[in-house]
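Coordinates as given in model_2.cif (mmCIF, C-alpha atoms):
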data_entry
loop_
_atom_site.group_PDB
_atom_site.id
_atom_site.type_symbol
_atom_site.label_atom_id
_atom_site.label_comp_id
_atom_site.auth_asym_id
_atom_site.auth_seq_id
_atom_site.Cartn_x
_atom_site.Cartn_y
_atom_site.Cartn_z
ATOM 1 C CA MET A 1089 -42.795 -5.017 47.498
ATOM 2 C CA LYS A 1090 -39.526 -3.045 47.582
ATOM 3 C CA LYS A 1091 -37.693 -5.943 45.915
ATOM 4 C CA CYS A 1092 -40.295 -6.061 43.178
ATOM 5 C CA THR A 1093 -39.962 -2.337 42.425
ATOM 6 C CA LYS A 1094 -36.159 -2.599 42.372
ATOM 7 C CA VAL A 1095 -36.292 -5.509 39.927
ATOM 8 C CA LEU A 1096 -38.799 -3.646 37.753
ATOM 9 C CA THR A 1097 -36.657 -0.492 37.814
ATOM 10 C CA VAL A 1098 -33.506 -2.397 36.818
ATOM 11 C CA GLY A 1099 -35.433 -4.206 34.096
ATOM 12 C CA MET A 1100 -36.770 -0.921 32.702
ATOM 13 C CA LEU A 1101 -33.255 0.592 32.715
ATOM 14 C CA VAL A 1102 -31.848 -2.393 30.803
ATOM 15 C CA LEU A 1103 -34.656 -2.253 28.248
ATOM 16 C CA SER A 1104 -34.230 1.505 27.760
ATOM 17 C CA MET A 1105 -30.478 1.070 27.205
ATOM 18 C CA LEU A 1106 -31.099 -1.625 24.602
ATOM 19 C CA ALA A 1107 -33.715 0.490 22.856
ATOM 20 C CA CYS A 1108 -31.415 3.526 22.672
ATOM 21 C CA THR A 1109 -28.487 1.594 21.187
ATOM 22 C CA SER A 1110 -28.212 2.339 17.493
ATOM 23 C CA TYR A 1111 -27.717 -0.488 15.071
ATOM 24 C CA GLY A 1112 -26.883 1.767 12.118
ATOM 25 C CA VAL A 1113 -24.884 0.817 9.090
ATOM 26 C CA SER A 1114 -21.153 1.285 9.532
ATOM 27 C CA ALA A 1115 -19.083 3.077 6.885
ATOM 28 C CA ALA A 1116 -17.258 1.020 4.277
ATOM 29 C CA PRO A 1117 -13.574 0.474 5.084
ATOM 30 C CA LYS A 1118 -11.199 2.918 3.414
ATOM 31 C CA ALA A 1119 -8.694 1.775 0.836
ATOM 32 C CA LYS A 1120 -5.166 1.346 2.172
ATOM 33 C CA LEU A 1121 -1.823 -0.015 1.019
ATOM 34 C CA ALA A 1122 -0.871 -3.618 1.688
ATOM 35 C CA LYS A 1123 2.821 -2.662 2.189
ATOM 36 C CA LYS A 1124 4.481 0.652 3.042
ATOM 37 C CA LYS A 1125 8.033 -0.398 2.035
ATOM 38 C CA LEU A 1126 9.325 -2.065 -1.115
ATOM 39 C CA SER A 1127 12.848 -3.263 -1.902
ATOM 40 C CA ILE A 1128 13.763 -4.204 -5.480
ATOM 41 C CA THR A 1129 16.882 -4.585 -7.616
ATOM 42 C CA VAL A 1130 17.719 -2.573 -10.735
ATOM 43 C CA GLY A 1131 15.780 -3.821 -13.777
ATOM 44 C CA SER A 1132 13.104 -5.730 -11.849
ATOM 45 C CA LYS A 1133 9.389 -4.948 -11.412
ATOM 46 C CA LYS A 1134 6.925 -5.255 -8.503
ATOM 47 C CA SER A 1135 3.305 -4.206 -8.177
ATOM 48 C CA ILE A 1136 1.740 -2.140 -5.401
ATOM 49 C CA LYS A 1137 -1.286 -3.829 -3.832
ATOM 50 C CA ILE A 1138 -4.262 -1.899 -2.411
ATOM 51 C CA LYS A 1139 -6.626 -3.390 0.195
ATOM 52 C CA ASN A 1140 -10.373 -2.569 0.142
ATOM 53 C CA LYS A 1141 -10.233 -1.241 -3.416
ATOM 54 C CA LYS A 1142 -13.503 0.339 -4.570
ATOM 55 C CA LYS A 1143 -14.938 -0.153 -8.069
ATOM 56 C CA ASN A 1144 -16.161 3.428 -8.525
ATOM 57 C CA MET A 1145 -12.726 4.872 -7.697
ATOM 58 C CA LYS A 1146 -9.732 5.522 -9.936
ATOM 59 C CA TYR A 1147 -6.276 5.044 -8.400
ATOM 60 C CA ILE A 1148 -3.468 7.418 -9.383
ATOM 61 C CA PHE A 1149 0.196 6.441 -8.902
ATOM 62 C CA SER A 1150 3.107 8.905 -9.035
ATOM 63 C CA THR A 1151 6.813 8.887 -8.144
ATOM 64 C CA ASN A 1152 9.013 11.617 -6.745
ATOM 65 C CA LYS A 1153 12.213 10.397 -8.509
ATOM 66 C CA LYS A 1154 11.615 9.194 -12.057
ATOM 67 C CA LYS A 1155 15.311 8.394 -12.589
ATOM 68 C CA VAL A 1156 15.304 5.895 -9.706
ATOM 69 C CA ALA A 1157 11.892 4.212 -10.108
ATOM 70 C CA SER A 1158 8.980 4.575 -12.518
ATOM 71 C CA VAL A 1159 5.372 3.523 -11.909
ATOM 72 C CA THR A 1160 2.592 2.615 -14.369
ATOM 73 C CA LYS A 1161 -1.120 3.484 -14.220
ATOM 74 C CA LYS A 1162 -1.777 0.033 -12.746
ATOM 75 C CA GLY A 1163 0.805 0.427 -9.964
ATOM 76 C CA VAL A 1164 3.704 -1.607 -11.342
ATOM 77 C CA VAL A 1165 7.028 -0.179 -10.116
ATOM 78 C CA LYS A 1166 10.120 -0.617 -12.302
ATOM 79 C CA ALA A 1167 13.563 -0.026 -10.784
ATOM 80 C CA LYS A 1168 15.822 2.026 -13.063
ATOM 81 C CA LYS A 1169 18.817 3.076 -10.965
ATOM 82 C CA LYS A 1170 20.171 2.555 -7.442
ATOM 83 C CA GLY A 1171 18.615 4.931 -4.891
ATOM 84 C CA LYS A 1172 15.431 5.704 -2.948
ATOM 85 C CA ALA A 1173 12.060 6.966 -4.181
ATOM 86 C CA VAL A 1174 8.552 7.477 -2.812
ATOM 87 C CA ILE A 1175 5.464 6.313 -4.722
ATOM 88 C CA THR A 1176 2.310 8.269 -3.853
ATOM 89 C CA VAL A 1177 -1.088 6.588 -4.289
ATOM 90 C CA LYS A 1178 -4.300 8.639 -4.506
ATOM 91 C CA GLU A 1179 -7.910 7.687 -5.175
ATOM 92 C CA LYS A 1180 -10.401 9.779 -7.105
ATOM 93 C CA ASN A 1181 -14.061 9.221 -7.972
ATOM 94 C CA LYS A 1182 -14.450 8.160 -11.633
ATOM 95 C CA LYS A 1183 -17.631 10.172 -12.195
ATOM 96 C CA GLY A 1184 -17.461 13.257 -9.992
ATOM 97 C CA LYS A 1185 -15.120 16.197 -9.815
ATOM 98 C CA SER A 1186 -14.146 15.468 -6.236
ATOM 99 C CA LYS A 1187 -10.648 16.076 -4.927
ATOM 100 C CA ALA A 1188 -8.257 13.100 -4.891
ATOM 101 C CA ARG A 1189 -7.812 11.481 -1.454
ATOM 102 C CA LEU A 1190 -4.365 10.267 -0.394
ATOM 103 C CA VAL A 1191 -4.366 6.496 0.116
ATOM 104 C CA GLY A 1192 -0.720 6.263 1.183
ATOM 105 C CA LYS A 1193 2.943 6.406 0.293
ATOM 106 C CA VAL A 1194 5.286 3.521 -0.479
ATOM 107 C CA LYS A 1195 9.008 3.916 0.225
ATOM 108 C CA VAL A 1196 10.989 2.179 -2.510
ATOM 109 C CA LYS A 1197 14.636 1.190 -2.064
ATOM 110 C CA VAL A 1198 16.391 0.211 -5.275
ATOM 111 C CA THR A 1199 19.571 -1.825 -4.865
ATOM 112 C CA ALA A 1200 22.227 -2.591 -7.468
ATOM 113 C CA MET A 1201 22.060 -5.857 -9.343
ATOM 114 C CA ILE A 1202 24.376 -8.464 -7.854
ATOM 115 C CA THR A 1203 26.266 -10.649 -10.297
ATOM 116 C CA ASN A 1204 27.841 -13.927 -9.266
ATOM 117 C CA ASN A 1205 30.070 -14.268 -12.325
ATOM 118 C CA PRO A 1206 33.621 -15.115 -11.239
ATOM 119 C CA ILE A 1207 36.497 -13.344 -12.932
ATOM 120 C CA ILE A 1208 38.738 -15.849 -14.744
ATOM 121 C CA ILE A 1209 42.378 -14.932 -15.252
ATOM 122 C CA ASP A 1210 44.451 -16.954 -17.703
ATOM 123 C CA VAL A 1211 47.819 -17.714 -16.101
ATOM 124 C CA THR A 1212 49.169 -20.276 -18.562
ATOM 125 C CA PRO A 1213 52.714 -19.424 -19.697
ATOM 126 C CA GLN A 1214 53.074 -18.232 -23.286
ATOM 127 C CA PRO A 1215 55.631 -20.110 -25.379
ATOM 128 C CA THR A 1216 58.611 -17.994 -26.407
ATOM 129 C CA ASN A 1217 60.419 -18.488 -29.742
#
Output the structure of this file as structure tokens.
Amino acid sequence: MKKCTKVLTVGMLVLSMLACTSYGVSAAPKAKLAKKKLSITVGSKKSIKIKNKKKNMKYIFSTNKKKVASVTKKGVVKAKKKGKAVITVKEKNKKGKSKARLVGKVKVKVTAMITNNPIIIDVTPQPTN
């Protein structure tokens, strides 16, 4: 009889734990940047990718050093001059007047363009008259 009551008690505890567990809907994943660092050469372009992008959100891109790197509305970074810059990405609801939420910052390192053109020096003797 004692074994039977113990088994019933354990069974009731297990069932009550299962009944109390919530199976609610989890929140949608937040948007985040695919890469936090970007290295490009002067004159080239690269785009910033965002994971878990939402359709009802507008993404705003800005740079802290416009002379080093510029960024378009779509997130394409163009390297202008050698140096370092930080691109800030924010998301804002298209319809509401809500405050923009920071998605992340991308550190951009712009390097000088490397040329592989050899310098040719003409060393042929000049005829003298």
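Atom pair atom CA of A:Ile1128 / atom CA of A:Lys1166: separated by 8.5 Å.
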Residue neighbourhood A:Val1130, 9 Å, only C-alpha atoms, exclusion window fewer than 5 positions, as a JSON list (two decimals) with C-alpha atoms, in the frame of the given file:
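Saved file part_1.json follows:
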[["chain", "number", "residue", "atom", "x", "y", "z"],
["A", 1156, "VAL", "CA", 15.30, 5.90, -9.71],
["A", 1157, "ALA", "CA", 11.89, 4.21, -10.11],
["A", 1166, "LYS", "CA", 10.12, -0.62, -12.30],
["A", 1167, "ALA", "CA", 13.56, -0.03, -10.78],
["A", 1168, "LYS", "CA", 15.82, 2.03, -13.06],
["A", 1169, "LYS", "CA", 18.82, 3.08, -10.96],
["A", 1170, "LYS", "CA", 20.17, 2.56, -7.44],
["A", 1198, "VAL", "CA", 16.39, 0.21, -5.28],
["A", 1199, "THR", "CA", 19.57, -1.82, -4.86],
["A", 1200, "ALA", "CA", 22.23, -2.59, -7.47],
["A", 1201, "MET", "CA", 22.06, -5.86, -9.34]]
(message) Can you pull out the residues contacting stretch 1177-1179 of chain A? Cut-off 12 Å, using only C-alpha atoms, and skip same-chain residues under 4 positions away; I want them as a VMD selection string.
(response) chain A and resid 1118 to 1124 1136 to 1138 1140 to 1152 1159 to 1164 1186 to 1195
(request) Could you jot down the atom CA of A:Val1174 to atom CA of A:Val1196 separation for me, Å, one decimal place? (result) 5.8 Å
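Distance-wise, atom CA of A:Lys1154 and atom CA of A:Lys1134 end up 15.6 Å apart.
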Centre and edge lengths, as AutoDock Vina command-line options, for the axis-aligned box enclosing every listed atom of stretch 1190-1194 of chain A with 6 Å of padding on each of the six sides, in Å to one decimal?
--center_x 0.5 --center_y 6.9 --center_z 0.4 --size_x 21.7 --size_y 18.7 --size_z 13.7
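Counting all atoms listed in the file and comparing A:Lys1153, A:Lys1094, A:Lys1133, A:Lys1197, the residue that lies closest to A:Gly1171 is A:Lys1197.
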